[in-house]
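Report on the structure given below.
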Amino acid sequence: MDAKQLSKRLATVGAFVPSGARIADIGSDHAYLPAHLALKKQISYAVAGEVVRGPYENAHHEIQKLALSELVHPRLADGLAAIEPDDHIDTITIAGMGGPLIRQILTQGPAQLVGVKRLILQPNVGAATVREWLSQNVFELVDERILAEDGHTYEILVADRATTPVTYSPAETLFGPFLLAEKSPVFIAKWQHELARAQQAVQQMQQAKVEPTAHLAAAQAKITLIKGVLEDAGK
């Protein structure tokens, strides 16, 4: 993979970036995504944010190699601190992190979110906590994708700033409203795997000397939701 040929996962993230957008790609690594979008002339400006020096230097090298220094700006900073007021960012992409970390990054950067119209988020795990944050911060999911690549399953959440609060049911929060409606083969396979994991976790908790009541109840509720969705998909 490089800036000219993205992975299926990053290409899907990039497909949701609006034409002419001013983007901040947080955790950009080699800056492949913003560089790719710049080469395609899909964006008008980009920040490639990276908190670790090695990946930041990789991004800097990639941008210089492709002669994109005037369009894509690497920044060594923690999370949304990579965004400066003069950037006028309207779209943020965060891909390849856990859901709790994505949520933490968004929570710690309220000032940088002012003026942002679209969030494109790809949590490796814990997508439900990202959906909760979106709902609580008046961002509405407008699309979702689920895909399998190299033995991993990825969910991509696309949310636009809303004018009124958005609420999701427990099932929509866990599975994703768009993914739940579609119930693709990749979705079914993922949740069959998650069901087996949850059932194993419940078994272990029930065998513990001191049963963790709250965790057990949450796991059992999750199992009930998953079973319901899988049974509905099989009809």
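Identifiers for the structure tokens are assigned positionally: chains receive A, B, ... in sequence, residues are indexed from 1 per chain, and ligands are indexed from 1 in the order shown.
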All residues 10 Å or closer to Trp133 of chain A, only C-alpha atoms, same chain fewer than 6 positions away omitted, as a short mmCIF file (atom, residue, chain, number, x, y, z; two decimals) with C-alpha atoms, in the first residue's frame:
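The new file result-v4.cif reads:
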data_model
loop_
_atom_site.label_atom_id
_atom_site.label_comp_id
_atom_site.auth_asym_id
_atom_site.auth_seq_id
_atom_site.Cartn_x
_atom_site.Cartn_y
_atom_site.Cartn_z
CA PRO A 100 -12.34 4.22 23.07
CA ILE A 102 -11.20 7.70 18.96
CA ARG A 103 -13.79 8.81 21.49
CA GLN A 104 -11.06 10.20 23.77
CA LEU A 106 -12.83 13.69 19.94
CA THR A 107 -13.70 14.48 23.57
CA PHE A 139 -23.49 14.33 15.03
#
Could you give me, as a PyMOL selection string, the residues within 9 Å of Leu195 of chain A, counting only C-alpha atoms and dropping anything in the same chain fewer than 6 positions from it? chain A and resi 222-223+226-227
Among segment 71-218 of chain A, which ones does DSSP assign to helix (DSSP H, G or I) (computed from the backbone)? Answer as JSON, numbers by chain. {"A": [79, 80, 81, 82, 85, 86, 87, 99, 100, 101, 102, 103, 104, 105, 106, 107, 110, 111, 112, 113, 127, 128, 129, 130, 131, 132, 133, 134, 135, 136, 170, 171, 172, 173, 174, 175, 177, 178, 179, 180, 181, 182, 185, 186, 187, 188, 189, 190, 191, 192, 193, 194, 195, 196, 197, 198, 199, 200, 201, 202, 203, 204, 205, 206, 207, 213, 214, 215, 216, 217, 218]}
Got a sec: who's within 10 Å of Pro170 of chain A, counting only C-alpha atoms, leaving out chain neighbours fewer than 5 positions off, as a list of chain:residue names?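 In the requested form, the answer reads A:Ala128, A:Glu132, A:Phe175, A:Gly176, A:Ala221, A:Lys222, A:Leu225.
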Store the residues of this selection in a file with N, CA and C atoms, as an mmCIF file, in the first residue's frame.
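The resulting result_36.cif:
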data_model
loop_
_atom_site.group_PDB
_atom_site.id
_atom_site.type_symbol
_atom_site.label_atom_id
_atom_site.label_comp_id
_atom_site.auth_asym_id
_atom_site.auth_seq_id
_atom_site.Cartn_x
_atom_site.Cartn_y
_atom_site.Cartn_z
ATOM 1 N N ALA A 128 -19.357 0.865 19.099
ATOM 2 C CA ALA A 128 -20.535 1.314 19.851
ATOM 3 C C ALA A 128 -20.242 2.570 20.670
ATOM 4 N N GLU A 132 -22.065 6.261 20.498
ATOM 5 C CA GLU A 132 -22.579 6.962 21.685
ATOM 6 C C GLU A 132 -22.087 8.406 21.702
ATOM 7 N N PHE A 175 -24.827 -2.287 16.859
ATOM 8 C CA PHE A 175 -24.614 -2.829 15.515
ATOM 9 C C PHE A 175 -24.430 -1.763 14.439
ATOM 10 N N GLY A 176 -24.949 -0.562 14.692
ATOM 11 C CA GLY A 176 -24.943 0.488 13.673
ATOM 12 C C GLY A 176 -26.251 0.475 12.914
ATOM 13 N N ALA A 221 -27.067 -9.290 28.275
ATOM 14 C CA ALA A 221 -27.903 -8.398 27.471
ATOM 15 C C ALA A 221 -27.367 -8.309 26.042
ATOM 16 N N LYS A 222 -26.044 -8.278 25.919
ATOM 17 C CA LYS A 222 -25.406 -8.238 24.595
ATOM 18 C C LYS A 222 -25.715 -9.515 23.817
ATOM 19 N N LEU A 225 -29.214 -9.397 22.437
ATOM 20 C CA LEU A 225 -29.293 -8.524 21.253
ATOM 21 C C LEU A 225 -28.725 -9.220 20.012
#
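Among A:Ile105, A:Val210, A:Val17, A:Ala198, the residue with the shortest atom-to-atom distance to Asp90 of chain A, counting only C-alpha atoms, is A:Val17.
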Restricting the calculation to only C-alpha atoms: of A:Pro123, A:Gly228, A:Pro55, A:Gly14, which residue gets closest to Gly96 of chain A? A:Pro123
